[in-house]
file final-v9.txt (compact mmCIF, C-alpha atoms)
# COMPACT_ATOMS: atom_id res chain seq x y z
CA MET B 830 -23.62 -46.51 -1.40
CA THR B 831 -24.89 -47.72 -4.78
CA LYS B 832 -23.79 -44.78 -6.92
CA LEU B 833 -20.66 -42.70 -6.75
CA LYS B 834 -20.68 -38.90 -6.94
CA VAL B 835 -17.92 -38.21 -9.47
CA GLY B 836 -16.32 -34.90 -10.37
CA VAL B 837 -13.93 -34.33 -13.27
CA ALA B 838 -11.02 -31.90 -12.90
CA GLY B 839 -10.08 -30.53 -16.30
CA ALA B 840 -12.43 -29.45 -19.08
CA GLY B 841 -10.11 -30.25 -21.96
CA VAL B 842 -10.11 -33.19 -24.36
CA PHE B 843 -9.52 -35.92 -21.78
CA GLY B 844 -11.72 -34.25 -19.20
CA ASN B 845 -14.51 -34.39 -21.78
CA TYR B 846 -13.86 -38.10 -22.36
CA HIS B 847 -13.97 -38.88 -18.65
CA ALA B 848 -17.08 -36.76 -18.15
CA GLN B 849 -18.82 -38.77 -20.88
CA LYS B 850 -17.91 -42.04 -19.14
CA ALA B 851 -19.19 -40.85 -15.75
CA ALA B 852 -22.41 -39.47 -17.22
CA ALA B 853 -23.12 -42.75 -19.02
CA SER B 854 -22.25 -45.07 -16.11
CA ALA B 855 -24.84 -46.85 -14.00
CA ARG B 856 -22.41 -46.62 -11.08
CA ALA B 857 -21.73 -42.89 -11.18
CA ASP B 858 -23.43 -39.52 -11.01
CA LEU B 859 -21.43 -36.71 -12.63
CA THR B 860 -21.75 -33.86 -10.15
CA GLY B 861 -19.25 -31.25 -11.30
CA ILE B 862 -16.49 -30.11 -13.64
CA PHE B 863 -13.52 -28.10 -12.38
CA ASP B 864 -11.28 -25.95 -14.55
CA VAL B 865 -9.27 -22.79 -13.96
CA ASP B 866 -11.31 -21.37 -16.85
CA LEU B 867 -14.78 -21.17 -15.29
CA GLY B 868 -16.50 -20.58 -18.62
CA ARG B 869 -14.99 -23.71 -20.08
CA ALA B 870 -15.93 -25.72 -16.98
CA GLU B 871 -19.51 -24.45 -17.11
CA ARG B 872 -19.90 -25.17 -20.82
CA LEU B 873 -18.80 -28.78 -20.41
CA ALA B 874 -20.80 -29.24 -17.21
CA GLU B 875 -23.95 -27.92 -18.86
CA THR B 876 -23.68 -30.66 -21.48
CA PHE B 877 -24.19 -33.25 -18.74
CA GLY B 878 -26.47 -31.37 -16.38
CA ALA B 879 -23.65 -30.85 -13.89
CA ARG B 880 -22.12 -27.75 -12.28
CA GLY B 881 -18.97 -25.93 -13.31
CA PHE B 882 -16.34 -24.77 -10.79
CA ASP B 883 -13.10 -22.78 -10.72
CA ASP B 884 -12.77 -23.26 -6.95
CA TYR B 885 -11.20 -26.68 -6.38
CA ALA B 886 -12.13 -26.93 -2.69
CA ALA B 887 -15.78 -26.17 -3.45
CA PHE B 888 -15.70 -28.66 -6.32
CA LEU B 889 -14.42 -31.41 -4.01
CA GLU B 890 -17.23 -30.86 -1.52
CA GLY B 891 -19.76 -32.36 -3.92
CA CYS B 892 -17.71 -35.44 -4.87
CA ASP B 893 -17.05 -38.88 -3.46
CA ALA B 894 -14.40 -39.35 -6.13
CA VAL B 895 -12.56 -37.17 -8.61
CA VAL B 896 -11.04 -37.87 -12.02
CA ILE B 897 -8.02 -35.62 -12.63
CA ALA B 898 -7.41 -34.84 -16.30
CA VAL B 899 -5.39 -31.63 -16.16
CA PRO B 900 -1.84 -30.88 -17.42
CA ALA B 901 0.74 -33.23 -15.86
CA THR B 902 2.44 -30.54 -13.80
CA TRP B 903 -0.76 -30.29 -11.72
CA HIS B 904 -1.37 -34.00 -11.19
CA GLU B 905 0.47 -34.24 -7.87
CA SER B 906 -0.99 -31.14 -6.21
CA LEU B 907 -4.63 -31.78 -7.22
CA SER B 908 -4.35 -35.46 -6.30
CA ARG B 909 -2.89 -34.58 -2.91
CA GLN B 910 -5.63 -32.06 -2.15
CA ALA B 911 -8.31 -34.58 -3.09
CA ILE B 912 -6.76 -37.37 -1.02
CA GLU B 913 -6.39 -35.06 1.98
CA ALA B 914 -10.08 -34.28 1.58
CA ASN B 915 -10.68 -38.07 1.77
CA ARG B 916 -11.80 -38.37 -1.84
CA HIS B 917 -11.01 -41.29 -4.11
CA VAL B 918 -8.83 -40.29 -7.08
CA LEU B 919 -8.32 -41.45 -10.64
CA VAL B 920 -5.49 -39.38 -12.08
CA GLU B 921 -4.28 -39.47 -15.66
CA LYS B 922 -0.67 -40.54 -16.14
CA PRO B 923 1.83 -39.68 -14.81
CA LEU B 924 0.93 -39.87 -11.14
CA ALA B 925 3.61 -37.28 -10.31
CA LEU B 926 6.84 -35.94 -11.76
CA SER B 927 9.16 -37.64 -9.27
CA GLY B 928 9.36 -41.13 -7.85
CA VAL B 929 9.42 -39.82 -4.28
CA ALA B 930 6.26 -37.77 -4.78
CA ALA B 931 4.48 -40.67 -6.51
CA ARG B 932 5.24 -43.07 -3.67
CA ASP B 933 4.24 -40.49 -1.07
CA LEU B 934 0.85 -40.01 -2.76
CA ALA B 935 0.31 -43.77 -2.95
CA ASP B 936 1.23 -44.16 0.72
CA GLU B 937 -1.07 -41.31 1.79
CA ALA B 938 -4.04 -42.71 -0.12
CA ALA B 939 -3.48 -46.15 1.38
CA ALA B 940 -3.20 -44.73 4.89
CA ARG B 941 -6.54 -42.98 4.44
CA GLY B 942 -8.22 -46.00 2.85
CA ARG B 943 -8.79 -44.11 -0.40
CA ILE B 944 -8.54 -45.51 -3.93
CA LEU B 945 -5.77 -43.87 -5.96
CA GLN B 946 -5.76 -45.16 -9.52
CA VAL B 947 -3.59 -44.02 -12.44
CA GLY B 948 -4.68 -43.76 -16.07
CA HIS B 949 -2.40 -46.34 -17.66
CA GLN B 950 -4.99 -47.59 -20.18
CA GLU B 951 -2.31 -49.43 -22.19
CA ARG B 952 -2.29 -52.08 -19.46
CA PHE B 953 -5.82 -53.04 -20.43
CA VAL B 954 -4.74 -53.46 -24.05
CA ALA B 955 -1.67 -55.54 -23.15
CA LYS B 956 -3.74 -57.71 -20.82
CA ALA B 957 -6.46 -58.31 -23.43
CA MET B 958 -3.79 -59.27 -25.96
CA GLY B 959 -2.35 -61.84 -23.56
CA VAL B 960 1.08 -60.23 -23.17
CA LEU B 961 0.79 -59.67 -19.43
CA ALA B 962 -0.13 -63.32 -18.82
CA ILE B 963 3.32 -64.49 -19.97
CA GLU B 964 5.43 -65.38 -16.94
CA GLU B 965 8.74 -65.84 -18.81
CA VAL B 966 11.00 -62.82 -18.23
CA PRO B 967 11.96 -61.07 -21.48
CA LEU B 968 15.49 -60.50 -22.65
CA LEU B 969 14.45 -57.33 -24.43
CA VAL B 970 11.47 -54.99 -24.61
CA GLU B 971 11.68 -52.57 -27.53
CA SER B 972 9.04 -49.95 -28.29
CA VAL B 973 8.39 -47.00 -30.57
CA ARG B 974 5.64 -44.48 -29.88
CA SER B 975 5.77 -41.46 -32.19
CA GLY B 976 3.63 -39.05 -34.15
CA PRO B 977 3.12 -35.40 -35.10
CA PRO B 978 2.67 -32.70 -32.47
CA ALA B 979 -0.65 -32.82 -30.64
CA PRO B 980 -3.21 -30.21 -31.74
CA GLY B 981 -3.20 -27.06 -29.68
CA GLY B 982 0.05 -27.97 -27.93
CA ARG B 983 -1.64 -30.51 -25.65
CA ALA B 984 0.74 -31.93 -23.01
CA GLY B 985 3.24 -29.20 -23.89
CA ASP B 986 3.93 -28.58 -20.21
CA VAL B 987 6.17 -31.67 -19.96
CA SER B 988 8.62 -33.61 -22.13
CA VAL B 989 7.72 -36.45 -24.46
CA ILE B 990 9.04 -38.82 -21.78
CA TRP B 991 6.21 -37.87 -19.40
CA ASP B 992 3.73 -37.39 -22.23
CA LEU B 993 4.17 -40.52 -24.39
CA MET B 994 7.06 -42.71 -23.27
CA ILE B 995 5.49 -43.11 -19.82
CA HIS B 996 3.06 -45.67 -21.32
CA ASP B 997 5.89 -47.92 -22.44
CA LEU B 998 7.90 -47.34 -19.28
CA ASP B 999 4.95 -48.71 -17.35
CA LEU B 1000 4.66 -51.78 -19.58
CA ALA B 1001 8.43 -52.36 -19.41
CA ALA B 1002 8.27 -52.25 -15.61
CA MET B 1003 5.50 -54.84 -15.63
CA LEU B 1004 7.39 -57.15 -17.98
CA LEU B 1005 10.97 -56.72 -16.72
CA GLY B 1006 10.53 -55.78 -13.07
CA ARG B 1007 10.20 -52.56 -11.15
CA GLU B 1008 13.87 -52.15 -10.24
CA PHE B 1009 16.22 -51.06 -13.02
CA THR B 1010 20.00 -51.04 -12.59
CA GLY B 1011 20.96 -48.38 -15.13
CA VAL B 1012 19.73 -45.98 -17.80
CA GLU B 1013 21.21 -44.20 -20.80
CA ALA B 1014 19.10 -41.67 -22.66
CA THR B 1015 19.32 -39.03 -25.36
CA GLY B 1016 16.86 -36.53 -26.75
CA ARG B 1017 16.27 -33.17 -28.34
CA ARG B 1018 13.92 -30.23 -28.38
CA VAL B 1019 12.09 -29.65 -31.65
CA HIS B 1020 9.05 -27.42 -31.25
CA SER B 1021 8.69 -26.82 -27.51
CA PRO B 1022 10.84 -25.79 -24.52
CA HIS B 1023 10.80 -29.45 -23.45
CA ILE B 1024 12.31 -32.60 -24.94
CA ASP B 1025 10.15 -33.61 -27.93
CA GLU B 1026 12.09 -36.71 -29.02
CA ALA B 1027 13.84 -39.18 -26.72
CA GLU B 1028 15.43 -42.62 -26.68
CA ALA B 1029 16.19 -44.51 -23.48
CA VAL B 1030 17.84 -47.83 -22.69
CA PHE B 1031 17.22 -49.38 -19.27
CA THR B 1032 19.04 -52.40 -17.83
CA TYR B 1033 17.68 -54.75 -15.18
CA ALA B 1034 19.09 -57.16 -12.65
CA SER B 1035 17.65 -60.05 -14.68
CA GLY B 1036 19.97 -59.11 -17.55
CA GLY B 1037 17.04 -57.85 -19.59
CA LYS B 1038 16.89 -54.50 -21.35
CA ALA B 1039 14.23 -52.03 -22.37
CA LYS B 1040 14.90 -49.87 -25.44
CA LEU B 1041 12.26 -47.19 -25.79
CA ARG B 1042 11.81 -44.41 -28.34
CA ALA B 1043 9.20 -41.66 -28.28
CA SER B 1044 8.58 -38.61 -30.44
CA ARG B 1045 5.93 -35.96 -30.80
CA ALA B 1046 7.73 -34.38 -33.75
CA ALA B 1047 7.47 -37.20 -36.30
CA GLU B 1048 5.81 -36.86 -39.70
CA ILE B 1049 3.85 -40.09 -39.38
CA ARG B 1050 2.44 -42.11 -36.50
CA GLU B 1051 4.26 -45.24 -35.40
CA ARG B 1052 3.33 -47.53 -32.53
CA THR B 1053 5.21 -50.80 -32.24
CA MET B 1054 6.47 -53.16 -29.56
CA ARG B 1055 8.90 -56.05 -29.77
CA VAL B 1056 9.35 -58.42 -26.85
CA VAL B 1057 12.17 -60.97 -27.06
CA TYR B 1058 12.06 -64.03 -24.78
CA PRO B 1059 14.47 -66.97 -24.52
CA SER B 1060 11.70 -69.00 -26.22
CA GLY B 1061 11.03 -66.60 -29.12
CA GLU B 1062 9.77 -63.12 -29.83
CA ILE B 1063 6.56 -61.15 -30.26
CA ASP B 1064 6.39 -58.24 -32.70
CA ILE B 1065 3.29 -56.04 -32.62
CA ASP B 1066 2.30 -53.15 -34.86
CA PHE B 1067 -0.59 -51.58 -32.99
CA LEU B 1068 -1.64 -49.34 -35.88
CA THR B 1069 -1.85 -51.97 -38.61
CA ARG B 1070 -2.85 -54.75 -36.15
CA LYS B 1071 -0.08 -56.97 -37.48
CA LEU B 1072 1.45 -59.61 -35.23
CA LYS B 1073 4.45 -61.90 -35.51
CA ASN B 1074 4.75 -64.46 -32.73
CA THR B 1075 7.40 -67.18 -32.52
CA THR B 1076 6.88 -67.92 -28.83
CA PRO B 1077 4.79 -70.82 -27.48
CA TYR B 1078 2.35 -68.31 -25.93
CA GLU B 1079 -1.02 -67.26 -27.27
CA VAL B 1080 -1.13 -63.56 -28.14
CA ARG B 1081 -3.67 -61.78 -30.31
CA VAL B 1082 -4.20 -58.31 -31.71
CA ASP B 1083 -7.90 -58.55 -32.55
CA ILE B 1084 -9.25 -57.52 -29.15
CA ALA B 1085 -12.00 -55.08 -30.12
CA ALA B 1086 -14.80 -57.45 -29.10
CA ASP B 1087 -13.33 -57.97 -25.62
CA LEU B 1088 -12.02 -54.43 -25.09
CA PRO B 1089 -13.96 -51.95 -27.23
CA ASP B 1090 -13.22 -49.04 -24.88
CA PRO B 1091 -10.03 -49.13 -22.75
CA LEU B 1092 -10.74 -45.74 -21.17
CA GLY B 1093 -14.27 -46.81 -20.28
CA ALA B 1094 -12.95 -50.05 -18.80
CA ALA B 1095 -10.50 -48.10 -16.65
CA ASP B 1096 -13.14 -45.69 -15.41
CA GLU B 1097 -15.65 -48.46 -14.66
CA GLY B 1098 -12.93 -50.33 -12.78
CA PHE B 1099 -12.30 -47.20 -10.73
CA TYR B 1100 -15.98 -46.74 -9.87
CA ALA B 1101 -16.28 -50.40 -8.83
CA ALA B 1102 -13.19 -50.12 -6.61
CA CYS B 1103 -14.51 -46.95 -4.93
CA LEU B 1104 -17.83 -48.71 -4.23
CA GLY B 1105 -16.01 -51.70 -2.71
CA LEU B 1106 -17.07 -54.06 -5.49
CA ALA B 1107 -13.59 -54.87 -6.86
CA ARG B 1108 -9.93 -54.01 -6.58
CA SER B 1109 -8.56 -51.07 -8.52
CA PRO B 1110 -7.21 -52.31 -11.87
CA VAL B 1111 -4.27 -49.86 -11.79
CA PRO B 1112 -3.40 -49.09 -8.15
CA ALA B 1113 -0.99 -46.24 -7.53
CA HIS B 1114 1.79 -48.22 -5.84
CA GLY B 1115 2.15 -50.30 -9.00
CA THR B 1116 2.80 -47.21 -11.11
CA VAL B 1117 5.59 -45.67 -9.04
CA ALA B 1118 8.21 -47.62 -11.00
CA ALA B 1119 7.22 -45.97 -14.28
CA VAL B 1120 7.50 -42.54 -12.64
CA ALA B 1121 10.97 -43.36 -11.30
CA MET B 1122 12.05 -44.59 -14.76
CA ALA B 1123 10.72 -41.44 -16.43
CA GLU B 1124 12.49 -39.27 -13.87
CA ALA B 1125 15.79 -41.08 -14.49
CA ALA B 1126 15.42 -40.90 -18.27
CA GLU B 1127 14.58 -37.20 -18.14
CA ALA B 1128 17.64 -36.49 -15.99
CA ALA B 1129 19.90 -38.47 -18.34
CA VAL B 1130 18.58 -36.62 -21.40
CA LEU B 1131 18.88 -33.16 -19.85
CA ALA B 1132 22.43 -33.91 -18.72
CA GLY B 1133 23.40 -34.16 -22.38
CA VAL B 1134 21.31 -31.32 -23.80
CA ASP B 1135 22.44 -27.71 -23.86
call {"tool": "encode", "arguments": {"input": "final-v9.txt", "output": "structure tokens"}}
result
Amino acid sequence: MTKLKVGVAGAGVFGNYHAQKAAASARADLTGIFDVDLGRAERLAETFGARGFDDYAAFLEGCDAVVIAVPATWHESLSRQAIEANRHVLVEKPLALSGVAARDLADEAAARGRILQVGHQERFVAKAMGVLAIEEVPLLVESVRSGPPAPGGRAGDVSVIWDLMIHDLDLAAMLLGREFTGVEATGRRVHSPHIDEAEAVFTYASGGKAKLRASRAAEIRERTMRVVYPSGEIDIDFLTRKLKNTTPYEVRVDIAADLPDPLGAADEGFYAACLGLARSPVPAHGTVAAVAMAEAAEAAVLAGVD
């Protein structure tokens, strides 16, 4: 096989992005768009000369691989159906809404010899910056990811922990280890039935901590990360591209030339893995830790919220 037949599940904003990547790739043929709203699926599909579906089983029949870009509450069920149909899957984060379900999906895909990749694009950014190449274990990882509500209530089916904090949970797991020893978390509802602002502190066997804050009810956007090592610290403002680095390690924020399109890099990595040309850049088993952390943080927040 030299080209992959790719279908995109979800005709919203991210489904559109993924459809564009598949249509432009030399390694993929975009065959179909699935959405529960058939009209929306057909309108997006027509843009790329593909076919629209509201029948998921029929949609899967024409695919070798599927990109799942639907609301998070449907990630697990659509991924499972695709894997059981022996399709490769790239699913947007989070993989599932429980650690047990995430691991079960990863195990099932591996047992069937299928690629199951998760859309943690922030890994590509951290890698390009040089952060993931540092072997010294941090004492502290501190992050802020906040901004105004998303237009149209996007991602309103889950809390801000699953929507935004999940990115930093994944990075914290990569930097501090996948097994945490404790979590304390607080949060509040602001404009949705779910938690819209949350803070979580995780402890690890190494003695390190992760302090993470996320909000989708802030007046202004903020995206920062501070990583403290025994040898120094790295402070990054991702929006202003400002960097303070007192460690002996080389880290940079000007990565546009090397990584102009993180989403495109993730999708191309997925196609290559499905075609047997490379390993998946974000394999599912490596993302289970972030799901388990999100699940624990969510439980801790809800325990303290009326």
call {"tool": "atom_distance", "arguments": {"input": "final-v9.txt", "atom1": "CA of Val899 (chain B)", "atom2": "CA of Ala1047 (chain B)"}}
result
24.5 Å
call {"tool": "closest_residue", "arguments": {"input": "final-v9.txt", "among": "B:Ala1029, B:Leu969, B:Val1012, B:Val835", "to": "Asp1064 (chain B)", "atoms": "all atoms listed in the file"}}
result
B:Leu969
call {"tool": "residues_around", "arguments": {"input": "final-v9.txt", "residues": "region 873-880 of chain B", "least_positions_apart": "6", "cutoff": "9 Å", "atoms": "only C-alpha atoms", "output": "PyMOL selection string"}}
result
chain B and resi 840-841+845+848-849+852+859-863+888
call {"tool": "atom_distance", "arguments": {"input": "final-v9.txt", "atom1": "CA of Glu1008 (chain B)", "atom2": "CA of Ala962 (chain B)"}}
result
19.9 Å
call {"tool": "closest_residue", "arguments": {"input": "final-v9.txt", "among": "B:Arg1007, B:Asp986, B:Val918, B:Leu961", "to": "Trp903 (chain B)", "atoms": "all atoms listed in the file"}}
result
B:Asp986
call {"tool": "residues_around", "arguments": {"input": "final-v9.txt", "residues": "Thr1069 (chain B)", "least_positions_apart": "6", "cutoff": "10 Å", "atoms": "all atoms listed in the file", "output": "ChimeraX atom specification"}}
result
/B:1051-1053,1082
call {"tool": "write_last_selection", "arguments": {"input": "final-v9.txt", "atoms": "C-alpha atoms", "output": "PDB file, in the coordinates of the input"}}
result
ATOM      1  CA  GLU B1051       4.260 -45.240 -35.400  1.00  0.00           C
ATOM      2  CA  ARG B1052       3.330 -47.530 -32.530  1.00  0.00           C
ATOM      3  CA  THR B1053       5.210 -50.800 -32.240  1.00  0.00           C
ATOM      4  CA  VAL B1082      -4.200 -58.310 -31.710  1.00  0.00           C
TER       5      VAL B1082
END
call {"tool": "atom_distance", "arguments": {"input": "final-v9.txt", "atom1": "CA of Val1134 (chain B)", "atom2": "CA of Thr1015 (chain B)"}}
result
8.1 Å
call {"tool": "residues_around", "arguments": {"input": "final-v9.txt", "residues": "region 941-944 of chain B", "least_positions_apart": "4", "cutoff": "12 Å", "atoms": "all atoms listed in the file", "output": "short mmCIF file (atom, residue, chain, number, x, y, z; two decimals) with C-alpha atoms, keeping the file's coordinate frame"}}
result
data_model
loop_
_atom_site.label_atom_id
_atom_site.label_comp_id
_atom_site.auth_asym_id
_atom_site.auth_seq_id
_atom_site.Cartn_x
_atom_site.Cartn_y
_atom_site.Cartn_z
CA ASP B 893 -17.05 -38.88 -3.46
CA ALA B 894 -14.40 -39.35 -6.13
CA VAL B 895 -12.56 -37.17 -8.61
CA VAL B 896 -11.04 -37.87 -12.02
CA SER B 908 -4.35 -35.46 -6.30
CA ARG B 909 -2.89 -34.58 -2.91
CA ALA B 911 -8.31 -34.58 -3.09
CA ILE B 912 -6.76 -37.37 -1.02
CA GLU B 913 -6.39 -35.06 1.98
CA ALA B 914 -10.08 -34.28 1.58
CA ASN B 915 -10.68 -38.07 1.77
CA ARG B 916 -11.80 -38.37 -1.84
CA HIS B 917 -11.01 -41.29 -4.11
CA VAL B 918 -8.83 -40.29 -7.08
CA LEU B 919 -8.32 -41.45 -10.64
CA VAL B 920 -5.49 -39.38 -12.08
CA LEU B 934 0.85 -40.01 -2.76
CA ALA B 935 0.31 -43.77 -2.95
CA ASP B 936 1.23 -44.16 0.72
CA GLU B 937 -1.07 -41.31 1.79
CA GLY B 1098 -12.93 -50.33 -12.78
CA PHE B 1099 -12.30 -47.20 -10.73
CA TYR B 1100 -15.98 -46.74 -9.87
CA ALA B 1101 -16.28 -50.40 -8.83
CA ALA B 1102 -13.19 -50.12 -6.61
CA CYS B 1103 -14.51 -46.95 -4.93
CA LEU B 1104 -17.83 -48.71 -4.23
CA GLY B 1105 -16.01 -51.70 -2.71
CA ALA B 1107 -13.59 -54.87 -6.86
CA ARG B 1108 -9.93 -54.01 -6.58
CA SER B 1109 -8.56 -51.07 -8.52
CA PRO B 1110 -7.21 -52.31 -11.87
CA VAL B 1111 -4.27 -49.86 -11.79
CA PRO B 1112 -3.40 -49.09 -8.15
CA ALA B 1113 -0.99 -46.24 -7.53
CA HIS B 1114 1.79 -48.22 -5.84
#
call {"tool": "closest_residue", "arguments": {"input": "final-v9.txt", "among": "B:Ala1086, B:Leu924, B:Val947, B:Val973", "to": "Asp1066 (chain B)", "atoms": "all atoms listed in the file"}}
result
B:Val973
call {"tool": "closest_residue", "arguments": {"input": "final-v9.txt", "among": "B:Val837, B:Ile1024, B:Val1057, B:Leu1131", "to": "Ser1044 (chain B)", "atoms": "only C-alpha atoms"}}
result
B:Ile1024
call {"tool": "closest_residue", "arguments": {"input": "final-v9.txt", "among": "B:Ala931, B:Val1019, B:Ala1119, B:Leu1106", "to": "Leu1005 (chain B)", "atoms": "only C-alpha atoms"}}
result
B:Ala1119
call {"tool": "closest_residue", "arguments": {"input": "final-v9.txt", "among": "B:Gly891, B:Gly881, B:Gly844, B:Pro980", "to": "Ala1046 (chain B)", "atoms": "all atoms listed in the file"}}
result
B:Pro980
call {"tool": "axis_aligned_box", "arguments": {"input": "final-v9.txt", "around": "region 1093-1100 of chain B", "padding_each_side": "8 Å", "output": "AutoDock Vina command-line options"}}
result
--center_x -13.2 --center_y -48.0 --center_z -15.1 --size_x 21.5 --size_y 20.6 --size_z 26.4
call {"tool": "residues_around", "arguments": {"input": "final-v9.txt", "residues": "Leu968 (chain B)", "least_positions_apart": "6", "cutoff": "7 Å", "atoms": "only C-alpha atoms", "output": "ChimeraX atom specification"}}
result
/B:1036-1038,1057-1059
call {"tool": "residues_around", "arguments": {"input": "final-v9.txt", "residues": "region 951-955 of chain B", "least_positions_apart": "4", "cutoff": "10 Å", "atoms": "only C-alpha atoms", "output": "number ranges by chain"}}
result
B: 959-962, 996-997, 999-1000, 1003, 1080-1082, 1084-1085, 1087-1092, 1094-1095, 1110-1111
call {"tool": "residues_near_point", "arguments": {"input": "final-v9.txt", "point": "(5.9, -36.3, -9.1)", "cutoff": "10 Å", "atoms": "all atoms listed in the file", "output": "list in words"}}
result
Ala901, Thr902, Trp903, His904, Glu905, Ser906, Pro923, Leu924, Ala925, Leu926, Ser927, Gly928, Val929, Ala930, Ala931, Arg932, Asp933, Leu934, Val1117, Val1120, Ala1121 and Glu1124 of chain B
call {"tool": "write_last_selection", "arguments": {"input": "final-v9.txt", "atoms": "C-alpha atoms", "output": "mmCIF file, in the coordinates of the input"}}
result
data_model
loop_
_atom_site.group_PDB
_atom_site.id
_atom_site.type_symbol
_atom_site.label_atom_id
_atom_site.label_comp_id
_atom_site.auth_asym_id
_atom_site.auth_seq_id
_atom_site.Cartn_x
_atom_site.Cartn_y
_atom_site.Cartn_z
ATOM 1 C CA ALA B 901 0.740 -33.230 -15.860
ATOM 2 C CA THR B 902 2.440 -30.540 -13.800
ATOM 3 C CA TRP B 903 -0.760 -30.290 -11.720
ATOM 4 C CA HIS B 904 -1.370 -34.000 -11.190
ATOM 5 C CA GLU B 905 0.470 -34.240 -7.870
ATOM 6 C CA SER B 906 -0.990 -31.140 -6.210
ATOM 7 C CA PRO B 923 1.830 -39.680 -14.810
ATOM 8 C CA LEU B 924 0.930 -39.870 -11.140
ATOM 9 C CA ALA B 925 3.610 -37.280 -10.310
ATOM 10 C CA LEU B 926 6.840 -35.940 -11.760
ATOM 11 C CA SER B 927 9.160 -37.640 -9.270
ATOM 12 C CA GLY B 928 9.360 -41.130 -7.850
ATOM 13 C CA VAL B 929 9.420 -39.820 -4.280
ATOM 14 C CA ALA B 930 6.260 -37.770 -4.780
ATOM 15 C CA ALA B 931 4.480 -40.670 -6.510
ATOM 16 C CA ARG B 932 5.240 -43.070 -3.670
ATOM 17 C CA ASP B 933 4.240 -40.490 -1.070
ATOM 18 C CA LEU B 934 0.850 -40.010 -2.760
ATOM 19 C CA VAL B 1117 5.590 -45.670 -9.040
ATOM 20 C CA VAL B 1120 7.500 -42.540 -12.640
ATOM 21 C CA ALA B 1121 10.970 -43.360 -11.300
ATOM 22 C CA GLU B 1124 12.490 -39.270 -13.870
#
call {"tool": "build_atoms", "arguments": {"input": "final-v9.txt", "residues": "region 877-889 of chain B", "atoms": "N, CA and C atoms", "output": "PDB file, keeping the file's coordinate frame"}}
result
ATOM      1  N   PHE B 877     -23.811 -32.057 -19.502  1.00  0.00           N
ATOM      2  CA  PHE B 877     -24.190 -33.250 -18.740  1.00  0.00           C
ATOM      3  C   PHE B 877     -25.107 -32.942 -17.564  1.00  0.00           C
ATOM      4  N   GLY B 878     -25.592 -31.727 -17.489  1.00  0.00           N
ATOM      5  CA  GLY B 878     -26.470 -31.370 -16.380  1.00  0.00           C
ATOM      6  C   GLY B 878     -25.750 -31.280 -15.053  1.00  0.00           C
ATOM      7  N   ALA B 879     -24.460 -30.963 -15.105  1.00  0.00           N
ATOM      8  CA  ALA B 879     -23.650 -30.850 -13.890  1.00  0.00           C
ATOM      9  C   ALA B 879     -23.341 -29.375 -13.626  1.00  0.00           C
ATOM     10  N   ARG B 880     -22.477 -29.117 -12.659  1.00  0.00           N
ATOM     11  CA  ARG B 880     -22.120 -27.750 -12.280  1.00  0.00           C
ATOM     12  C   ARG B 880     -20.647 -27.492 -12.561  1.00  0.00           C
ATOM     13  N   GLY B 881     -20.348 -26.299 -13.039  1.00  0.00           N
ATOM     14  CA  GLY B 881     -18.970 -25.930 -13.310  1.00  0.00           C
ATOM     15  C   GLY B 881     -18.348 -25.175 -12.143  1.00  0.00           C
ATOM     16  N   PHE B 882     -17.041 -25.406 -11.910  1.00  0.00           N
ATOM     17  CA  PHE B 882     -16.340 -24.770 -10.790  1.00  0.00           C
ATOM     18  C   PHE B 882     -14.969 -24.251 -11.248  1.00  0.00           C
ATOM     19  N   ASP B 883     -14.517 -23.167 -10.634  1.00  0.00           N
ATOM     20  CA  ASP B 883     -13.100 -22.780 -10.720  1.00  0.00           C
ATOM     21  C   ASP B 883     -12.477 -22.721  -9.333  1.00  0.00           C
ATOM     22  N   ASP B 884     -13.238 -23.151  -8.336  1.00  0.00           N
ATOM     23  CA  ASP B 884     -12.770 -23.260  -6.950  1.00  0.00           C
ATOM     24  C   ASP B 884     -12.647 -24.760  -6.645  1.00  0.00           C
ATOM     25  N   TYR B 885     -11.419 -25.231  -6.514  1.00  0.00           N
ATOM     26  CA  TYR B 885     -11.200 -26.680  -6.380  1.00  0.00           C
ATOM     27  C   TYR B 885     -11.759 -27.223  -5.071  1.00  0.00           C
ATOM     28  N   ALA B 886     -11.612 -26.480  -3.989  1.00  0.00           N
ATOM     29  CA  ALA B 886     -12.130 -26.930  -2.690  1.00  0.00           C
ATOM     30  C   ALA B 886     -13.651 -27.066  -2.727  1.00  0.00           C
ATOM     31  N   ALA B 887     -14.322 -26.105  -3.333  1.00  0.00           N
ATOM     32  CA  ALA B 887     -15.780 -26.170  -3.450  1.00  0.00           C
ATOM     33  C   ALA B 887     -16.195 -27.320  -4.350  1.00  0.00           C
ATOM     34  N   PHE B 888     -15.448 -27.542  -5.403  1.00  0.00           N
ATOM     35  CA  PHE B 888     -15.700 -28.660  -6.320  1.00  0.00           C
ATOM     36  C   PHE B 888     -15.620 -29.996  -5.583  1.00  0.00           C
ATOM     37  N   LEU B 889     -14.607 -30.151  -4.733  1.00  0.00           N
ATOM     38  CA  LEU B 889     -14.420 -31.410  -4.010  1.00  0.00           C
ATOM     39  C   LEU B 889     -15.541 -31.701  -3.029  1.00  0.00           C
TER      40      LEU B 889
END
